[in-house]
>>> print(open('model.txt').read())   # compact mmCIF, C-alpha atoms and all ligand atoms
# COMPACT_ATOMS: atom_id res chain seq x y z
CA MET A 700 124.68 115.00 20.63
CA ARG A 701 122.02 116.74 22.69
CA VAL A 702 120.34 119.86 21.35
CA LEU A 703 119.36 122.08 24.28
CA ASN A 704 117.61 125.44 24.04
CA THR A 705 120.76 127.54 24.01
CA VAL A 706 123.62 125.12 23.21
CA THR A 707 124.33 121.73 21.55
CA VAL A 708 126.66 119.40 23.46
CA PRO A 709 127.81 115.76 23.59
CA GLY A 710 125.28 113.69 25.55
CA SER A 711 127.69 113.16 28.47
CA MET A 712 127.89 116.93 29.04
CA ALA A 713 124.14 117.56 28.80
CA PRO A 714 123.23 117.42 32.54
CA LEU A 715 125.78 120.11 33.42
CA PHE A 716 124.68 122.32 30.57
CA GLU A 717 121.03 121.93 31.58
CA GLN A 718 121.99 123.26 35.02
CA ALA A 719 123.92 126.08 33.39
CA GLN A 720 120.92 126.98 31.24
CA ALA A 721 118.69 127.34 34.29
CA LEU A 722 121.30 129.47 36.07
CA VAL A 723 122.06 131.77 33.15
CA GLN A 724 118.39 132.08 32.21
CA SER A 725 117.55 133.31 35.71
CA TYR A 726 120.41 135.83 35.46
CA PHE A 727 119.21 137.24 32.13
CA GLY A 728 115.61 137.19 33.34
CA ASP A 729 116.31 140.27 35.49
CA ARG A 730 116.71 142.78 32.63
CA ARG A 731 115.93 146.46 32.94
CA PHE A 732 116.02 148.94 30.08
CA ALA A 733 115.96 152.51 31.39
CA PRO A 734 116.47 154.89 28.43
CA GLU A 735 115.45 157.83 30.65
CA ARG A 736 118.74 157.23 32.49
CA GLY A 737 120.64 155.81 29.52
CA SER A 738 121.20 152.47 31.18
CA ILE A 739 120.62 148.77 30.63
CA THR A 740 121.13 146.44 33.59
CA ILE A 741 121.04 142.68 33.95
CA GLY A 742 120.96 141.78 37.61
CA ASP A 743 122.99 144.63 39.06
CA GLU A 744 125.48 144.72 36.16
CA ARG A 745 125.46 147.49 33.54
CA TYR A 746 125.36 146.28 29.92
CA ILE A 747 125.49 148.15 26.62
CA LEU A 748 123.94 147.30 23.28
CA VAL A 749 126.29 147.50 20.30
CA ARG A 750 125.28 147.13 16.65
CA ALA A 751 127.03 143.89 15.68
CA GLU A 752 128.12 144.91 12.19
CA SER A 753 130.10 147.84 13.68
CA LEU A 754 132.33 145.28 15.37
CA SER A 755 133.03 143.29 12.23
CA VAL A 756 132.67 144.58 8.66
CA GLY A 757 132.48 148.15 9.97
CA PHE A 758 135.65 147.84 12.03
CA PHE A 759 137.66 146.33 9.17
CA GLY A 760 136.49 149.24 7.01
CA PHE A 761 137.61 151.70 9.67
CA MET A 762 141.07 150.10 9.78
CA ARG A 763 141.39 150.51 6.01
CA SER A 764 140.66 154.23 6.24
CA ALA A 765 142.71 154.81 9.41
CA TYR A 766 145.85 152.96 8.27
CA PRO A 767 146.05 153.36 4.48
CA ALA A 768 149.81 152.71 4.56
CA LEU A 769 149.22 149.09 5.57
CA ASP A 770 148.52 146.59 2.80
CA ASP A 771 145.21 144.70 2.76
CA GLU A 772 146.64 141.66 4.51
CA ASP A 773 148.15 143.70 7.35
CA GLN A 774 144.98 145.77 7.81
CA PHE A 775 142.95 142.57 8.12
CA SER A 776 145.44 140.97 10.46
CA VAL A 777 145.77 144.02 12.75
CA ALA A 778 141.98 144.50 12.94
CA GLY A 779 141.53 140.80 13.70
CA THR A 780 144.15 140.86 16.45
CA ILE A 781 142.53 143.88 18.10
CA LEU A 782 139.07 142.27 18.01
CA TYR A 783 140.42 138.94 19.29
CA ASP A 784 142.31 140.54 22.18
CA LEU A 785 139.41 142.81 23.13
CA ALA A 786 137.00 139.87 23.20
CA HIS A 787 139.49 137.65 25.05
CA GLY A 788 139.73 140.21 27.84
CA MET A 789 135.93 140.57 27.92
CA GLY A 790 135.46 136.80 28.10
CA MET A 791 137.92 136.54 31.00
CA ALA A 792 136.30 139.38 32.94
CA ASP A 793 132.75 138.13 32.31
CA ALA A 794 133.58 134.57 33.39
CA GLU A 795 135.24 135.84 36.57
CA VAL A 796 132.35 138.07 37.58
CA PHE A 797 129.61 135.67 36.52
CA SER A 798 131.00 132.66 38.39
CA ARG A 799 131.58 134.74 41.53
CA LYS A 800 128.13 136.33 41.39
CA MET A 801 126.33 133.05 40.73
CA GLY A 802 128.48 130.99 43.15
CA VAL A 803 129.79 128.58 40.49
CA ASP A 804 133.12 127.02 41.54
CA ASP A 805 133.51 123.78 39.62
CA PRO A 806 135.62 124.34 36.45
CA ILE A 807 133.40 122.40 34.07
CA ALA A 808 130.29 124.06 35.53
CA ARG A 809 131.94 127.46 35.04
CA LEU A 810 132.80 126.56 31.46
CA SER A 811 129.22 125.33 30.87
CA CYS A 812 127.82 128.77 31.67
CA GLY A 813 129.98 130.34 28.92
CA PRO A 814 128.16 129.15 25.78
CA VAL A 815 124.79 129.74 27.44
CA HIS A 816 125.82 133.28 28.47
CA PHE A 817 127.08 133.74 24.91
CA ALA A 818 123.69 132.74 23.50
CA HIS A 819 121.72 135.05 25.78
CA ALA A 820 124.04 137.99 25.04
CA GLY A 821 123.48 137.54 21.29
CA TRP A 822 127.05 136.64 20.35
CA ALA A 823 126.61 133.10 19.04
CA PHE A 824 124.97 129.72 19.51
CA VAL A 825 127.61 127.08 20.37
CA GLU A 826 127.77 123.47 19.20
CA ILE A 827 130.47 121.57 21.11
CA SER A 828 131.93 118.57 19.26
CA ALA A 829 132.17 115.15 20.90
CA GLU A 830 135.87 115.22 19.94
CA SER A 831 136.45 117.77 22.73
CA SER A 832 138.23 116.88 25.96
CA PRO A 833 138.25 119.88 28.34
CA SER A 834 140.67 119.33 31.23
CA MET A 835 142.61 121.53 33.64
CA ASP A 836 146.01 120.94 32.06
CA ASP A 837 147.97 120.81 28.81
CA GLU A 838 145.48 118.30 27.42
CA PHE A 839 142.65 120.85 27.23
CA TYR A 840 141.07 120.56 23.78
CA LEU A 841 137.79 121.96 22.53
CA VAL A 842 136.30 121.82 19.03
CA TYR A 843 133.10 123.80 18.47
CA ASP A 844 130.97 125.60 15.91
CA HIS A 845 129.19 128.95 16.00
CA PRO A 846 126.48 128.35 13.37
CA TYR A 847 124.93 131.82 13.71
CA SER A 848 128.10 133.86 14.36
CA PHE A 849 127.27 137.58 14.30
CA GLU A 850 130.63 138.25 12.66
CA ALA A 851 130.12 135.82 9.75
CA ALA A 852 126.52 137.03 9.40
CA SER A 853 127.65 140.64 8.96
CA TRP A 854 129.95 139.63 6.06
CA LEU A 855 127.45 137.24 4.48
CA GLU A 856 124.93 140.08 4.48
CA ARG A 857 127.22 141.89 2.03
CA ARG A 858 127.09 138.92 -0.35
CA ASP A 859 130.81 139.04 -1.12
CA ARG A 860 133.41 136.69 0.26
CA ALA A 861 135.41 137.89 3.28
CA PRO A 862 139.18 138.16 2.81
CA GLY A 863 139.77 135.57 5.54
CA LYS A 864 138.16 133.88 8.53
CA VAL A 865 136.41 136.69 10.34
CA CYS A 866 135.04 135.36 13.65
CA PHE A 867 137.79 136.85 15.81
CA MET A 868 135.58 138.00 18.66
CA GLY A 869 133.80 134.65 18.90
CA ALA A 870 137.19 132.94 19.17
CA GLY A 871 138.64 135.43 21.66
CA TYR A 872 135.64 135.60 23.98
CA SER A 873 135.24 131.83 24.23
CA ALA A 874 138.95 131.30 24.91
CA GLY A 875 138.89 134.00 27.60
CA TRP A 876 135.88 132.48 29.33
CA CYS A 877 137.35 128.94 29.29
CA GLN A 878 140.78 130.18 30.41
CA VAL A 879 139.32 131.66 33.58
CA SER A 880 137.03 128.67 34.13
CA PHE A 881 139.85 126.12 33.95
CA GLY A 882 142.77 128.19 35.21
CA VAL A 883 144.99 127.37 32.21
CA PRO A 884 146.12 129.74 29.43
CA LEU A 885 144.03 129.06 26.32
CA VAL A 886 143.77 130.36 22.77
CA ALA A 887 141.14 129.65 20.13
CA ARG A 888 141.56 129.79 16.39
CA GLU A 889 138.89 129.64 13.72
CA ILE A 890 139.74 126.88 11.23
CA LEU A 891 136.67 127.15 8.98
CA CYS A 892 134.49 130.23 8.43
CA ARG A 893 131.18 130.57 6.58
CA ALA A 894 132.05 134.13 5.60
CA HIS A 895 135.12 132.74 3.80
CA GLY A 896 133.17 130.13 1.86
CA ASP A 897 133.44 127.21 4.31
CA PRO A 898 130.49 125.06 5.40
CA ALA A 899 130.71 126.12 9.08
CA CYS A 900 132.38 128.51 11.51
CA ARG A 901 134.52 126.01 13.42
CA PHE A 902 137.06 126.66 16.18
CA VAL A 903 139.81 124.76 17.95
CA MET A 904 140.82 125.79 21.48
CA ALA A 905 143.95 124.60 23.30
CA PRO A 906 146.89 125.89 25.37
CA PRO A 907 148.93 128.36 23.24
CA HIS A 908 151.93 126.05 22.82
CA ARG A 909 149.70 123.21 21.57
CA ILE A 910 147.30 125.02 19.27
CA ASP A 911 149.26 124.44 16.03
CA GLU A 912 149.67 120.76 16.81
CA ARG A 913 145.96 120.37 17.64
CA ILE A 914 144.86 122.12 14.45
CA ALA A 915 147.25 120.03 12.35
CA ALA A 916 145.86 116.85 13.94
CA TYR A 917 142.27 117.99 13.31
CA ARG A 918 143.00 118.78 9.68
CA ALA A 919 144.72 115.42 9.21
CA ALA A 920 141.69 113.66 10.70
CA HIS A 921 139.22 115.56 8.48
CA PRO A 922 140.93 116.02 5.10
CA ASP A 923 137.58 116.25 3.30
CA LEU A 924 136.78 119.51 5.11
CA PHE A 925 139.96 121.19 3.93
CA ALA A 926 140.33 119.93 0.38
CA ASP A 927 140.93 122.80 -2.03
CA ARG A 928 140.60 125.33 0.76
CA HIS A 929 142.94 127.91 2.26
CA ALA A 930 144.93 127.04 5.37
ZN ZN B 1 133.33 132.49 10.99
>>> encode(input="model.txt", output="C-alpha cells")
Amino acid sequence: MRVLNTVTVPGSMAPLFEQAQALVQSYFGDRRFAPERGSITIGDERYILVRAESLSVGFFGFMRSAYPALDDEDQFSVAGTILYDLAHGMGMADAEVFSRKMGVDDPIARLSCGPVHFAHAGWAFVEISAESSPSMDDEFYLVYDHPYSFEAASWLERRDRAPGKVCFMGAGYSAGWCQVSFGVPLVAREILCRAHGDPACRFVMAPPHRIDERIAAYRAAHPDLFADRHA
C-alpha cells in the first residue's frame, strides 16, 4: 500500500493517484471566500459550507420528529436512503463537471480524482484495498475504508452507539463519482461502521445486480471481521 497525502492506494495505482493529487490540489488552490457577497468559489464553481453533523445525526433526529408515525427502523432507513440518493446525485454531477473542467478523459484517471476531491472537500479520507479491481464492466469491484468519515464522527461524538451503519453519504457520493468515471451503474454499501461498533468504516462497490454477491464473498473471505456482529 502507498500512503499519499490525501489517499492510500495499492502500490500499482499510486502513479495515477499522484497525478490526481496534483490536479485536484491545483483546483482547490483557487479558493475565494467572499462573505460580503455571501459566496464561496473554487475555480469558477460556487460551493457552500455545511455543518457536517446537520447531515448525519441532525438529519436522523429531524426524521424522527417529522415522521413520528414511522417506527425507529423505518425512520433510520428512510433517512439513510435520502442521504444516500442525495450524495449519489452529487457525486455523479461533481465527477462530470470536474473531469470536463480539468480535461480528464481516462476512466481510471477520472476515478482517481474522486477520493482526492473527497479529501479536499472534507468528506472523508479514502483507503482503497488491494482486493479492488475497478473495470468498465460487470466485474467492477472496489473495497475501501473512510477512516475519518464525517458521518461516523458525528455519531461517535455523542458517545452512544448508532442504530446502524451511518455513512450513507460517503457510500452514495463515492458510487456516484465512480459510476460517471467508468460509465457503468454502481452502488456502494457500507459493510462495517465505526459508529456501529466496528473497527472501520468499510465499503463495497459493485454493479447493483452484483452487490449482494460481492458482499457475501467478502464476508466469507473475512469471517473474523464479522464474528458476533450484525449483518
Ligand atoms: Zn461508517
>>> residues_near_ligand(input="model.txt", ligand="ligand ZN 1 (chain B)", cutoff="8 Å", atoms="all atoms listed in the file", output="list in words")
His845, Ser848, Glu850, Ala851, Lys864, Val865, Cys866, Phe867, Glu889, Leu891, Cys892, Arg893, Ala894, His895, Ala899, Cys900 and Arg901 of chain A
>>> residues_around(input="model.txt", residues="segment 792-805 of chain A", least_positions_apart="4", cutoff="8 Å", atoms="only C-alpha atoms", output="list in words")
Leu722, Gly788, Arg809, Gly813, Gly875, Trp876, Cys877, Val879 and Ser880 of chain A
>>> residues_around(input="model.txt", residues="Tyr843 of chain A", least_positions_apart="5", cutoff="8 Å", atoms="all atoms listed in the file", output="tab-separated table (two decimals) with C-alpha atoms, in the frame of the given file")
chain	number	residue	atom	x	y	z
A	825	VAL	CA	127.61	127.08	20.37
A	826	GLU	CA	127.77	123.47	19.20
A	827	ILE	CA	130.47	121.57	21.11
A	828	SER	CA	131.93	118.57	19.26
A	901	ARG	CA	134.52	126.01	13.42
A	902	PHE	CA	137.06	126.66	16.18
A	903	VAL	CA	139.81	124.76	17.95
>>> residues_around(input="model.txt", residues="Gln724 of chain A", least_positions_apart="4", cutoff="9 Å", atoms="only C-alpha atoms", output="PyMOL selection string")
chain A and resi 719-720+728+815-816+819
>>> closest_atom_pairs(input="model.txt", of="segment 701-806 of chain A", to="segment 852-862 of chain A", cutoff="7 Å", atoms="only C-alpha atoms", output="JSON lines")
{"residue": "A:Glu752", "atom": "CA", "partner": "A:Ser853", "partner_atom": "CA", "distance": 5.4}
{"residue": "A:Ser755", "atom": "CA", "partner": "A:Ser853", "partner_atom": "CA", "distance": 6.8}
{"residue": "A:Val756", "atom": "CA", "partner": "A:Trp854", "partner_atom": "CA", "distance": 6.2}
>>> closest_residue(input="model.txt", among="A:Met712, A:Ala778, A:Ala820, A:Leu810", to="Gly760 of chain A", atoms="only C-alpha atoms")
A:Ala778
>>> atom_distance(input="model.txt", atom1="atom CA of Ala870 of chain A", atom2="atom CA of Ala887 of chain A")
5.2 Å
>>> closest_residue(input="model.txt", among="A:Val723, A:Cys812, A:Leu785, A:Val706", to="Asp844 of chain A", atoms="only C-alpha atoms")
A:Val706
>>> atom_distance(input="model.txt", atom1="atom CA of Tyr847 of chain A", atom2="atom CA of Thr780 of chain A")
21.4 Å
>>> residues_around(input="model.txt", residues="Ser834 of chain A", least_positions_apart="6", cutoff="12 Å", atoms="only C-alpha atoms", output="count of residues only")
17
>>> atom_distance(input="model.txt", atom1="atom CA of Asp729 of chain A", atom2="atom CA of Ile741 of chain A")
5.5 Å
>>> closest_residue(input="model.txt", among="A:Gly863, A:Met835, A:Ile890, A:Leu924", to="Asp911 of chain A", atoms="all atoms listed in the file")
A:Ile890
>>> closest_residue(input="model.txt", among="A:Ala768, A:Ala733, A:Met868, A:Val749", to="Ile781 of chain A", atoms="all atoms listed in the file")
A:Met868
>>> closest_residue(input="model.txt", among="A:Arg736, A:Arg745, A:His921, A:Arg888", to="Ser873 of chain A", atoms="all atoms listed in the file")
A:Arg888
>>> build_atoms(input="model.txt", residues="segment 789-801 of chain A", atoms="N, CA and C atoms", output="CSV table (one decimal), in the frame of the given file")
chain,number,residue,atom,x,y,z
A,789,MET,N,137.3,140.5,27.5
A,789,MET,CA,135.9,140.6,27.9
A,789,MET,C,135.5,139.2,28.4
A,790,GLY,N,135.8,138.2,27.7
A,790,GLY,CA,135.5,136.8,28.1
A,790,GLY,C,136.0,136.4,29.5
A,791,MET,N,137.3,136.8,29.7
A,791,MET,CA,137.9,136.5,31.0
A,791,MET,C,137.2,137.3,32.1
A,792,ALA,N,136.9,138.6,31.9
A,792,ALA,CA,136.3,139.4,32.9
A,792,ALA,C,134.9,138.9,33.2
A,793,ASP,N,134.1,138.6,32.1
A,793,ASP,CA,132.8,138.1,32.3
A,793,ASP,C,132.7,136.8,33.1
A,794,ALA,N,133.6,135.9,32.7
A,794,ALA,CA,133.6,134.6,33.4
A,794,ALA,C,133.9,134.7,34.9
A,795,GLU,N,134.8,135.6,35.2
A,795,GLU,CA,135.2,135.8,36.6
A,795,GLU,C,134.1,136.4,37.4
A,796,VAL,N,133.4,137.4,36.9
A,796,VAL,CA,132.4,138.1,37.6
A,796,VAL,C,131.1,137.2,37.7
A,797,PHE,N,130.8,136.5,36.5
A,797,PHE,CA,129.6,135.7,36.5
A,797,PHE,C,129.7,134.5,37.5
A,798,SER,N,130.9,133.8,37.5
A,798,SER,CA,131.0,132.7,38.4
A,798,SER,C,131.0,133.1,39.8
A,799,ARG,N,131.6,134.2,40.1
A,799,ARG,CA,131.6,134.7,41.5
A,799,ARG,C,130.2,135.1,42.0
A,800,LYS,N,129.5,135.8,41.1
A,800,LYS,CA,128.1,136.3,41.4
A,800,LYS,C,127.1,135.2,41.6
A,801,MET,N,127.3,134.1,40.7
A,801,MET,CA,126.3,133.0,40.7
A,801,MET,C,126.8,131.9,41.6
